[in-house]
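K.L.:
What follows is input_5.cif, mmCIF, C-alpha atoms.
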```cif
data_run
loop_
_atom_site.label_atom_id
_atom_site.label_comp_id
_atom_site.auth_asym_id
_atom_site.auth_seq_id
_atom_site.Cartn_x
_atom_site.Cartn_y
_atom_site.Cartn_z
CA MET A 5 219.55 11.69 116.69
CA ASP A 6 221.91 11.08 119.60
CA SER A 7 221.89 13.09 122.79
CA PRO A 8 224.84 15.49 122.10
CA GLU A 9 223.33 16.44 118.73
CA VAL A 10 219.90 17.12 120.24
CA THR A 11 221.38 19.02 123.17
CA PHE A 12 223.49 21.24 120.93
CA THR A 13 220.59 21.87 118.53
CA LEU A 14 218.27 22.96 121.32
CA ALA A 15 220.95 25.07 123.02
CA TYR A 16 221.94 26.78 119.77
CA LEU A 17 218.30 27.41 118.86
CA VAL A 18 217.72 29.15 122.21
CA PHE A 19 220.92 31.16 121.77
CA ALA A 20 220.00 32.20 118.22
CA VAL A 21 216.50 33.31 119.18
CA CYS A 22 217.82 35.29 122.16
CA PHE A 23 220.60 36.81 120.06
CA VAL A 24 218.11 38.04 117.45
CA PHE A 25 215.30 38.99 119.84
CA THR A 26 217.55 40.06 122.68
CA PRO A 27 215.88 39.72 126.12
CA THR A 28 216.86 41.77 129.15
CA GLU A 29 219.26 39.07 130.36
CA PHE A 30 221.28 39.21 127.11
CA HIS A 31 221.43 43.00 127.30
CA SER A 32 222.66 42.81 130.89
CA ALA A 33 225.34 40.29 129.90
CA GLY A 34 226.43 42.43 126.94
CA LEU A 35 225.53 39.75 124.35
CA THR A 36 224.29 42.19 121.72
CA VAL A 37 225.67 43.37 118.42
CA GLN A 38 225.84 46.92 119.76
CA ASN A 39 227.97 45.90 122.72
CA LEU A 40 230.19 43.33 120.97
CA LEU A 41 231.04 45.78 118.15
CA SER A 42 230.89 49.00 120.19
CA GLY A 43 234.45 49.95 119.23
CA TRP A 44 233.58 50.01 115.51
CA LEU A 45 230.05 51.36 115.82
CA GLY A 46 231.04 54.41 117.84
CA SER A 47 228.67 56.45 120.00
CA GLU A 48 224.98 56.86 119.25
CA ASP A 49 224.91 60.19 121.09
CA ALA A 50 227.84 61.58 119.12
CA ALA A 51 226.55 60.64 115.65
CA PHE A 52 223.09 59.09 115.59
CA VAL A 53 222.75 58.54 111.82
CA PRO A 54 226.25 57.07 111.11
CA TYR A 55 225.92 54.88 114.20
CA HIS A 56 222.68 53.29 113.03
CA GLN A 57 223.90 52.91 109.47
CA ARG A 58 226.78 50.81 110.77
CA ARG A 59 224.62 49.09 113.39
CA THR A 60 222.00 47.87 110.93
CA ALA A 61 224.72 46.61 108.59
CA ALA A 62 226.57 44.81 111.40
CA THR A 63 223.35 43.31 112.75
CA LEU A 64 222.39 41.98 109.34
CA LEU A 65 225.80 40.36 108.88
CA CYS A 66 225.95 38.85 112.38
CA HIS A 67 222.47 37.36 112.10
CA SER A 68 223.23 35.94 108.66
CA LEU A 69 226.17 34.04 110.18
CA LEU A 70 224.00 32.14 112.66
CA PRO A 71 223.19 29.18 110.32
CA LEU A 72 226.89 28.81 109.50
CA GLY A 73 227.69 28.87 113.21
CA TYR A 74 225.24 26.03 113.73
CA TYR A 75 226.88 23.96 111.00
CA VAL A 76 230.35 24.53 112.45
CA GLY A 77 229.09 23.63 115.91
CA MET A 78 227.53 20.43 114.60
CA CYS A 79 230.94 19.41 113.23
CA PHE A 80 232.06 19.06 116.87
CA ALA A 81 228.75 17.98 118.41
CA ALA A 82 228.28 15.13 115.91
CA PRO A 83 231.74 14.20 114.56
CA GLU A 84 230.46 10.84 113.29
CA LYS A 85 228.53 12.69 110.57
CA GLN A 86 231.84 13.95 109.13
CA LEU A 87 230.32 17.34 108.38
CA TYR A 88 233.81 18.83 108.05
CA TYR A 89 234.08 16.89 104.77
CA PRO A 90 231.21 18.38 102.69
CA SER A 91 231.77 15.89 99.88
CA GLN A 92 231.03 13.01 102.27
CA THR A 93 228.02 14.52 104.06
CA PRO A 94 224.38 13.67 103.25
CA GLU A 95 222.69 15.77 100.60
CA THR A 96 220.49 17.51 103.18
CA TRP A 97 223.51 18.81 105.08
CA ARG A 98 225.22 19.93 101.87
CA ALA A 99 222.11 21.95 100.99
CA PHE A 100 222.11 23.46 104.47
CA LEU A 101 225.80 24.36 104.17
CA LEU A 102 225.16 26.01 100.81
CA LEU A 103 222.37 28.07 102.35
CA ALA A 104 224.54 28.93 105.37
CA LEU A 105 227.26 30.24 103.02
CA MET A 106 224.86 32.10 100.75
CA LEU A 107 223.24 34.14 103.53
CA PRO A 108 226.41 35.95 104.68
CA ALA A 109 227.50 36.32 101.04
CA LEU A 110 224.24 38.07 100.20
CA ALA A 111 224.47 40.14 103.38
CA CYS A 112 228.01 41.25 102.51
CA THR A 113 226.91 42.17 98.99
CA LEU A 114 224.02 44.27 100.31
CA ILE A 115 226.23 45.95 102.93
CA TYR A 116 228.83 46.76 100.28
CA TYR A 117 226.08 48.34 98.17
CA TRP A 118 224.86 50.40 101.13
CA SER A 119 228.36 51.64 101.96
CA GLN A 120 229.04 53.08 98.51
CA ASP A 121 229.48 56.87 98.33
CA GLN A 122 229.92 57.05 102.12
CA TRP A 123 226.69 55.15 102.92
CA ALA A 124 224.58 57.27 100.57
CA ARG A 125 222.72 54.15 99.37
CA HIS A 126 221.71 53.02 102.85
CA PRO A 127 217.90 53.02 103.39
CA LEU A 128 218.25 55.60 106.16
CA ALA A 129 220.24 57.92 103.90
CA ARG A 130 217.66 57.49 101.13
CA THR A 131 214.86 58.44 103.52
CA LEU A 132 216.72 61.51 104.79
CA ALA A 133 217.42 62.56 101.19
CA LEU A 134 213.66 62.97 100.69
CA TYR A 135 213.73 65.83 103.20
CA ALA A 136 216.85 67.54 101.83
CA LEU A 137 216.62 71.03 100.36
CA PRO A 138 217.29 71.41 96.61
CA ARG A 139 220.93 72.51 97.01
CA SER A 140 221.81 70.26 99.93
CA GLY A 141 222.04 66.52 100.43
CA TRP A 142 221.06 63.89 102.94
CA ARG A 143 224.12 64.64 105.09
CA ALA A 144 222.73 68.07 105.96
CA VAL A 145 219.53 66.43 107.14
CA ALA A 146 221.55 63.80 109.03
CA SER A 147 223.43 66.58 110.79
CA SER A 148 220.13 68.05 111.95
CA VAL A 149 218.99 64.66 113.25
CA ASN A 150 222.30 64.14 115.07
CA THR A 151 222.05 67.54 116.72
CA GLU A 152 218.47 67.09 117.90
CA PHE A 153 219.13 63.59 119.21
CA ARG A 154 221.84 64.94 121.51
CA ARG A 155 219.33 67.24 123.25
CA ILE A 156 218.10 66.07 126.62
CA ASP A 157 214.49 67.18 126.01
CA LYS A 158 213.76 64.48 123.40
CA PHE A 159 211.07 61.87 124.01
CA ALA A 160 212.45 58.33 124.00
CA THR A 161 210.83 55.06 125.03
CA GLY A 162 210.55 51.41 124.05
CA VAL A 163 212.71 48.30 124.08
CA PRO A 164 215.99 48.24 122.09
CA GLY A 165 214.38 46.42 119.15
CA ALA A 166 211.53 48.93 118.81
CA ARG A 167 212.59 52.26 120.25
CA VAL A 168 210.52 55.39 119.68
CA ILE A 169 212.33 58.73 119.57
CA VAL A 170 210.66 62.10 119.06
CA THR A 171 212.68 65.30 118.78
CA ASP A 172 211.58 68.83 117.96
CA THR A 173 211.50 68.04 114.22
CA TRP A 174 211.58 64.27 113.79
CA VAL A 175 209.59 61.15 114.68
CA MET A 176 211.80 58.06 114.56
CA LYS A 177 211.44 54.34 115.20
CA VAL A 178 214.61 52.30 115.66
CA THR A 179 214.22 48.59 114.86
CA THR A 180 216.68 45.74 114.52
CA TYR A 181 217.37 46.21 110.81
CA ARG A 182 216.01 49.65 110.03
CA VAL A 183 215.44 53.20 111.26
CA HIS A 184 212.16 54.83 110.23
CA VAL A 185 212.19 58.63 110.06
CA ALA A 186 209.41 61.14 109.44
CA GLN A 187 209.31 64.90 109.77
CA GLN A 188 206.83 66.16 112.33
CA GLN A 189 205.29 68.86 110.16
CA ASP A 190 204.44 66.31 107.44
CA VAL A 191 202.96 63.46 109.49
CA HIS A 192 199.46 62.32 110.39
CA LEU A 193 199.28 60.29 113.57
CA THR A 194 196.40 57.95 114.39
CA VAL A 195 195.88 55.62 117.35
CA THR A 196 194.76 52.47 115.56
CA GLU A 197 194.76 49.89 118.35
CA SER A 198 195.00 49.47 122.10
CA GLN A 199 195.83 46.29 124.00
CA GLN A 200 195.01 45.87 127.67
CA HIS A 201 197.17 43.53 129.77
CA ASP A 202 196.41 42.76 133.40
CA LEU A 203 200.11 42.37 134.19
CA ALA A 204 203.10 43.89 132.43
CA PRO A 205 205.99 41.50 131.58
CA ASP A 206 208.43 43.41 133.80
CA SER A 207 206.11 44.35 136.70
CA ASN A 208 202.93 43.40 138.55
CA LEU A 209 201.05 46.39 137.13
CA PRO A 210 198.28 46.58 134.55
CA VAL A 211 199.39 48.10 131.26
CA GLN A 212 197.71 49.42 128.13
CA LEU A 213 199.78 49.40 124.94
CA LEU A 214 198.84 51.82 122.17
CA THR A 215 199.66 51.37 118.49
CA ILE A 216 200.03 54.68 116.65
CA ARG A 217 200.24 54.87 112.86
CA VAL A 218 202.74 57.47 111.60
CA ALA A 219 201.97 58.38 107.99
CA SER A 220 203.85 61.08 106.11
CA ALA A 221 202.22 63.43 103.64
CA ASN A 222 205.10 62.53 101.31
CA PRO A 223 204.05 59.27 99.58
CA ALA A 224 207.70 58.30 99.12
CA VAL A 225 208.15 58.00 102.89
CA GLN A 226 206.98 54.63 104.15
CA ALA A 227 204.42 54.74 106.96
CA PHE A 228 205.24 52.91 110.18
CA ASP A 229 203.69 51.97 113.52
CA ILE A 230 204.97 52.89 116.97
CA ARG A 231 203.93 51.24 120.24
CA LEU A 232 204.05 52.76 123.68
CA ASN A 233 202.53 52.56 127.13
CA SER A 234 199.38 54.65 127.54
CA THR A 235 200.91 56.34 130.59
CA GLU A 236 203.49 57.88 128.25
CA TYR A 237 200.83 59.14 125.83
CA GLY A 238 200.57 62.57 127.47
CA GLU A 239 204.34 63.13 127.34
CA LEU A 240 204.36 62.15 123.67
CA CYS A 241 201.56 64.62 122.86
CA GLU A 242 203.53 67.43 124.51
CA LYS A 243 206.49 66.76 122.24
CA LEU A 244 204.46 66.47 119.03
CA GLN A 245 203.41 69.47 116.96
CA ALA A 246 200.54 67.67 115.24
CA PRO A 247 197.48 66.28 117.05
CA ILE A 248 196.94 62.54 117.38
CA ARG A 249 193.66 61.19 116.11
CA SER A 250 192.05 58.15 117.71
CA ALA A 251 190.00 55.41 116.11
CA ALA A 252 186.39 55.34 117.26
CA ASN A 253 186.80 52.11 119.24
CA VAL A 254 190.01 53.07 121.10
CA VAL A 255 189.82 54.28 124.71
CA ILE A 256 193.09 55.61 126.12
CA HIS A 257 193.82 55.24 129.84
CA GLN A 258 196.53 57.78 130.58
CA SER A 259 196.68 57.32 134.38
CA LEU A 260 197.52 54.34 136.54
CA GLY A 261 194.10 54.71 138.20
CA ASP A 262 192.32 54.30 134.86
CA LEU A 263 194.36 51.20 134.09
CA PHE A 264 193.62 49.74 137.51
CA LEU A 265 189.86 50.27 137.14
CA GLU A 266 189.94 48.49 133.78
CA THR A 267 191.87 45.57 135.27
CA PHE A 268 189.65 45.53 138.38
CA ALA A 269 186.55 45.21 136.22
CA SER A 270 188.05 42.41 134.09
CA LEU A 271 189.00 40.40 137.20
CA VAL A 272 185.59 40.82 138.80
CA GLU A 273 183.98 39.47 135.62
CA VAL A 274 185.62 36.06 136.16
CA ASN A 275 184.61 35.85 139.84
CA PRO A 276 181.50 33.86 140.78
CA ALA A 277 178.32 35.88 140.33
CA TYR A 278 175.94 36.70 143.18
CA SER A 279 172.25 36.00 142.65
CA VAL A 280 169.99 38.59 144.23
CA PRO A 281 166.94 37.16 146.05
CA SER A 282 163.70 37.85 144.24
CA SER A 283 162.38 39.72 147.25
CA GLN A 284 165.25 42.22 147.20
CA ASP A 285 165.30 45.26 144.94
CA LEU A 286 168.56 46.83 143.83
CA GLU A 287 168.87 50.49 144.76
CA ALA A 288 171.04 53.21 143.27
CA CYS A 289 174.76 53.08 144.06
CA ILE A 290 175.36 55.13 147.22
CA GLY A 291 178.72 56.24 145.82
CA CYS A 292 177.64 57.96 142.59
CA MET A 293 173.80 57.77 142.75
CA GLN A 294 173.92 57.45 138.94
CA THR A 295 173.63 53.71 138.34
CA ARG A 296 172.18 50.73 140.16
CA ALA A 297 174.28 48.74 142.63
CA SER A 298 176.01 45.97 140.70
CA VAL A 299 178.45 44.21 143.06
CA LYS A 300 178.25 42.29 146.34
CA LEU A 301 181.11 41.34 148.65
CA VAL A 302 181.11 37.58 149.20
CA LYS A 303 184.14 35.78 150.63
CA THR A 304 185.17 33.34 147.88
CA CYS A 305 188.98 33.51 148.06
CA GLN A 306 189.21 31.00 150.94
CA ALA A 307 187.06 29.06 153.35
CA ALA A 308 184.96 31.08 155.78
CA ALA A 309 187.32 30.70 158.76
CA GLU A 310 190.61 30.99 156.86
CA GLY A 311 192.76 33.90 155.74
CA GLU A 312 192.58 37.62 156.44
CA CYS A 313 189.43 38.29 154.43
CA GLN A 314 186.11 38.48 156.28
CA GLN A 315 182.52 37.82 155.29
CA CYS A 316 180.56 40.99 154.48
CA TYR A 317 176.85 40.93 155.26
CA CYS A 318 175.96 44.21 153.54
CA ARG A 319 173.37 44.12 150.77
CA PRO A 320 174.48 45.24 147.28
CA MET A 321 175.01 48.99 147.64
CA TRP A 322 177.83 49.91 145.23
CA CYS A 323 178.39 49.84 141.49
CA LEU A 324 181.49 48.22 140.02
CA THR A 325 183.19 51.52 139.17
CA CYS A 326 182.71 53.05 142.62
CA MET A 327 183.88 49.86 144.34
CA GLY A 328 186.97 49.88 142.11
CA LYS A 329 187.66 53.52 142.97
CA TRP A 330 187.25 52.76 146.68
CA PHE A 331 189.66 49.81 146.38
CA ALA A 332 192.23 52.01 144.57
CA SER A 333 191.87 54.87 147.09
CA ARG A 334 192.98 52.58 149.93
CA GLN A 335 196.26 51.65 148.21
CA ASP A 336 199.77 52.98 148.68
CA PRO A 337 200.46 55.17 145.60
CA GLN A 338 204.18 54.42 145.99
CA ARG A 339 203.61 50.66 145.74
CA PRO A 340 201.33 50.07 142.74
CA ASP A 341 202.77 46.58 142.31
CA THR A 342 200.90 45.48 145.48
CA TRP A 343 197.46 46.81 144.54
CA LEU A 344 195.99 43.68 142.95
CA ALA A 345 197.00 41.42 145.85
CA SER A 346 195.99 43.75 148.68
CA ARG A 347 192.98 43.69 151.03
CA VAL A 348 190.85 46.68 151.99
CA PRO A 349 187.89 47.23 154.34
CA CYS A 350 184.33 47.28 153.08
CA PRO A 351 183.30 50.93 152.66
CA THR A 352 180.20 50.26 154.77
CA CYS A 353 180.89 47.60 157.45
CA ARG A 354 184.72 47.56 157.35
CA ALA A 355 185.00 43.81 156.75
CA ARG A 356 188.25 43.18 154.91
CA PHE A 357 188.09 41.80 151.38
CA CYS A 358 190.25 41.23 148.28
CA ILE A 359 189.45 41.43 144.57
CA LEU A 360 188.44 37.75 144.52
CA ASP A 361 185.61 38.56 146.92
CA VAL A 362 183.97 41.16 144.65
CA CYS A 363 181.08 39.44 142.87
CA ALA A 364 178.96 40.87 140.11
CA VAL A 365 175.23 40.92 140.83
CA ARG A 366 173.04 38.79 138.56
#
```
Write out the structure in this file as structure tokens.

P.N.:
Amino acid sequence: MDSPEVTFTLAYLVFAVCFVFTPTEFHSAGLTVQNLLSGWLGSEDAAFVPYHQRRTAATLLCHSLLPLGYYVGMCFAAPEKQLYYPSQTPETWRAFLLLALMLPALACTLIYYWSQDQWARHPLARTLALYALPRSGWRAVASSVNTEFRRIDKFATGVPGARVIVTDTWVMKVTTYRVHVAQQQDVHLTVTESQQHDLAPDSNLPVQLLTIRVASANPAVQAFDIRLNSTEYGELCEKLQAPIRSAANVVIHQSLGDLFLETFASLVEVNPAYSVPSSQDLEACIGCMQTRASVKLVKTCQAAAEGECQQCYCRPMWCLTCMGKWFASRQDPQRPDTWLASRVPCPTCRARFCILDVCAVR
């Protein structure tokens, strides 16, 4: 393959991936289906349900056109292949063109089916119809959802491709191609998984992501998972009417301090260990007096005479948890992004140290 063909293929692949899984940069530039078709989609705040019925349909159609866009682009990037004459192109390209034409055709057929009877066949309308009263239809339920979404006291979080919205009556998850809806009074919520990350993608802070299973008592309503930061867990619980159960192996850190202690411990584990001399006995931690001392400050981040950190000559006197709490207590609460890289004085001799100097006792 020649250079223009390779360059276009790679560039279009990056564009297609970013257009489907829109990163922050694409949102800022307005390269999203919601922004490009905002005039037709209308306002989400004014009519939540009709907006997302049109949005999911438009997104499906736009994404189905991506293979065809690649083929058209290749007609100009590699004119020697004569792709604009399908009868003269290699069999592989003819098969690709057939697929590229079939995808939008199937998407248009499905969208036409959804739009019948004023979008009554759309998956969102079918889900809302399950909650309709005997003498009313899905539109009455949609009106209730629209009204509650306009209220400012709703809980909303998440990235555009996986937003979580909780109103007084509804629990909703908005994804690229679908909107999941469940009524609060009918759901069972369970924290099934937690993932700890030392650094969040958009900040220098530790983060714990919780996965919560939302299962309706109505078997016709499909269960779905929502993901959110553990620091938002308390706000979510306040908005929910039903309690959230937790799996036995899931520990939820709702405060930034809890997250920091978890990250502090994980970083200390990878530091070099300190071997206690056989003649020295470990005493109880002078911070909590509950467990034995388990860490020693040893300058390992740089050479002895370099940097701001200093050598500490204190014997092991603190447990890992108390040392982590001391480290966190010396930080600026308004600048949590600087905590991991900061230096604090030893609680006993005041020699300055960083996290790389905290060594577990062996």

K.L.:
Once 4 Å is added on each side, what centre and edge lengths in Å to one decimal does the axis-aligned box around all listed atoms of segment 242-249 of chain A have, as JSON?

P.N.:
```
{"center_x": 200.1, "center_y": 65.3, "center_z": 119.9, "size_x": 20.8, "size_y": 16.3, "size_z": 17.3}
```

K.L.:
Evaluate the PyMOL selection byres ((chain A and resi 264) around 9) on the structure here and hand back the selected residues as a ChimeraX atom specification.

P.N.:
/A:202,209-211,259-263,265-269,328-329,332,343-344

K.L.:
Generate a file of the selected residues that holds C-alpha atoms, formatted as a PDB file, keeping the file's coordinate frame.

P.N.:
```pdb
ATOM      1  CA  ASP A 202     196.410  42.760 133.400  1.00  0.00           C
ATOM      2  CA  LEU A 209     201.050  46.390 137.130  1.00  0.00           C
ATOM      3  CA  PRO A 210     198.280  46.580 134.550  1.00  0.00           C
ATOM      4  CA  VAL A 211     199.390  48.100 131.260  1.00  0.00           C
ATOM      5  CA  SER A 259     196.680  57.320 134.380  1.00  0.00           C
ATOM      6  CA  LEU A 260     197.520  54.340 136.540  1.00  0.00           C
ATOM      7  CA  GLY A 261     194.100  54.710 138.200  1.00  0.00           C
ATOM      8  CA  ASP A 262     192.320  54.300 134.860  1.00  0.00           C
ATOM      9  CA  LEU A 263     194.360  51.200 134.090  1.00  0.00           C
ATOM     10  CA  LEU A 265     189.860  50.270 137.140  1.00  0.00           C
ATOM     11  CA  GLU A 266     189.940  48.490 133.780  1.00  0.00           C
ATOM     12  CA  THR A 267     191.870  45.570 135.270  1.00  0.00           C
ATOM     13  CA  PHE A 268     189.650  45.530 138.380  1.00  0.00           C
ATOM     14  CA  ALA A 269     186.550  45.210 136.220  1.00  0.00           C
ATOM     15  CA  GLY A 328     186.970  49.880 142.110  1.00  0.00           C
ATOM     16  CA  LYS A 329     187.660  53.520 142.970  1.00  0.00           C
ATOM     17  CA  ALA A 332     192.230  52.010 144.570  1.00  0.00           C
ATOM     18  CA  TRP A 343     197.460  46.810 144.540  1.00  0.00           C
ATOM     19  CA  LEU A 344     195.990  43.680 142.950  1.00  0.00           C
TER      20      LEU A 344
END
```

K.L.:
Taking the file above as input, evaluate the PyMOL selection byres ((chain A and resi 218-223) around 9) and report the hits as an MDAnalysis selection string.

P.N.:
chainID A and resid 134 175 186:194 216:217 224:230

K.L.:
Tell me which residues the PyMOL selection byres ((chain A and resi 168) around 9) grabs here, as a ChimeraX atom specification.

P.N.:
/A:159-163,166-167,169-170,175-178,230-232

K.L.:
With only C-alpha atoms as the atoms that count, which of A:Thr151, A:Gly73, A:Thr63, A:His126 lies nearest to Ala111 of chain A?

P.N.:
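Smallest separation from Ala111 of chain A among the options: A:Thr63.
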
K.L.:
Do you know which residues are at most 8 Å from segment 351-365 of chain A counting all atoms listed in the file, after dropping those on the same chain fewer than 4 positions away, and could you put them as a count of residues only?

P.N.:
31

K.L.:
Have a look at A:Tyr181, A:Tyr135, A:Tyr89, A:Tyr317 and name the one nearest to Pro164 of chain A; count only C-alpha atoms.

P.N.:
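Of A:Tyr181, A:Tyr135, A:Tyr89, A:Tyr317, the one nearest Pro164 of chain A, counting only C-alpha atoms, is A:Tyr181.
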
K.L.:
For a quick check of understanding, using all atoms listed in the file, which of A:Tyr237, A:Phe153, A:Trp97, A:Tyr74 has the smallest distance to Glu48 of chain A?

P.N.:
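Once distances to Glu48 of chain A are computed over all atoms listed in the file, the minimum belongs to A:Phe153.
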